[in-house]
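Reviewing the structure listed below.
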Amino acid sequence: MNTFPYKHIVVIGTTSSGKSTLAKALADKFGHDFIELDALHWEANWKEAELSVFRERVEHATQAEAWVVAGNYNVVRDIVWSRAEVVLWLDYPFHIVFWRLLTRTIRRGWTQEELWNGNREKFWWHLKLWSDESLFKWLFKTYWRRKREIPKLLSQPEYKHLKLIQFKGPREAEMWLAAKPSKQKYQN
């Protein structure tokens, strides 16, 4: 049987790559805790949690027996990555994440979907490409940088223990997830 032995998993990728979606699906499939770093970082009214509070929340959440973390926050990477066993990197082409960001932004703006702690995105925020509120600006600012940084980070001695599973497209990640037996199959 094809088993997945990891109990401490982190899913990384650029904005709108699908980190939270894959991490939640994986957590549900294996019965692990789902930890969304954005939910721990953002207070009501889009106020950022104090760094010490954010780190304490992450510290506490990653004490669980089994978890899947979604997110890239470098200010808690030392906590998350030191405890993780495997990194799933959603290393998708720019046009895919751009399209996902566009459709997600329109959907969230239209439906006023609640994200974390009562926060909702406003579509017009993202149209202001000069503003730090714009996730489109964030995507352009971080996409190519992450492609360079992730391999360098994973080669550092403190992260040599991590296994890397890199996905070059959403279909590859979906097929991989579908091929993994669920928690119930592991218990038999």
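Ordered as shown in the structure tokens, chains take letters A, B, and onward, while each chain numbers its residues from 1 and ligands are numbered from 1 in the order shown.
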Every residue of chain A that DSSP places in strand (DSSP E), as a list in words: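 Secondary structure check on chain A, strand (DSSP E): His8, Ile9, Val10, Val11, Ile12, Gly13, Asp33, Phe34, Ile35, Glu36, Trp67, Val68, Val69, Ala70, Val86, Val87, Leu88, Trp89, Leu90, Lys163, Leu164, Ile165, Gln166 and Phe167 of chain A.
If you measure from each of A:His8, A:Arg57, A:Lys141, A:His95 to Ser82 of chain A using only C-alpha atoms, the closest one turns out to be A:His8.
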Spatial neighbours of Gly13 of chain A, max dist 12 Å, only C-alpha atoms, sep filter under 4 positions, as an MDAnalysis selection string: chainID A and resid 17:23 69:73 87:94 97 139 142:147 149:150 165:170
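Of the listed residues A:Phe136, A:Trp42, A:Phe54, A:Trp67, the one whose atoms come nearest to Thr14 of chain A is A:Phe136, with distances taken using only C-alpha atoms.
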Atom CA of Phe34 of chain A to atom CA of Ile96 of chain A, distance in Å rounded to a single decimal: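 Atom CA of Ile96 of chain A lies at a distance of 24.6 Å from atom CA of Phe34 of chain A.
Taking atom CA of Asp78 of chain A as the reference point, atom CA of Tyr159 of chain A is found at 9.1 Å.
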Long-range neighbours of Glu65 of chain A as a list in words, 10 Å cut-off, only C-alpha atoms, 6 positions minimum in chain: Lys7, His8, His32 and Asp33 of chain A
Interatomic distance (Å, one decimal) between atom CA of Ala64 of chain A and atom CA of Glu50 of chain A: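 Atom CA of Glu50 of chain A lies 22.6 Å from atom CA of Ala64 of chain A.
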Secondary structure check, helix (DSSP H, G or I) residues of segment 21-103 of chain A, as a PyMOL selection string: chain A and resi 21-30+37-41+44-46+51-61+74-83+94-103
Which of A:Glu36, A:Glu121, A:Glu114, A:Glu43 sits closest to Val80 of chain A [using only C-alpha atoms]: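 Selected residue with least distance to Val80 of chain A: A:Glu36.
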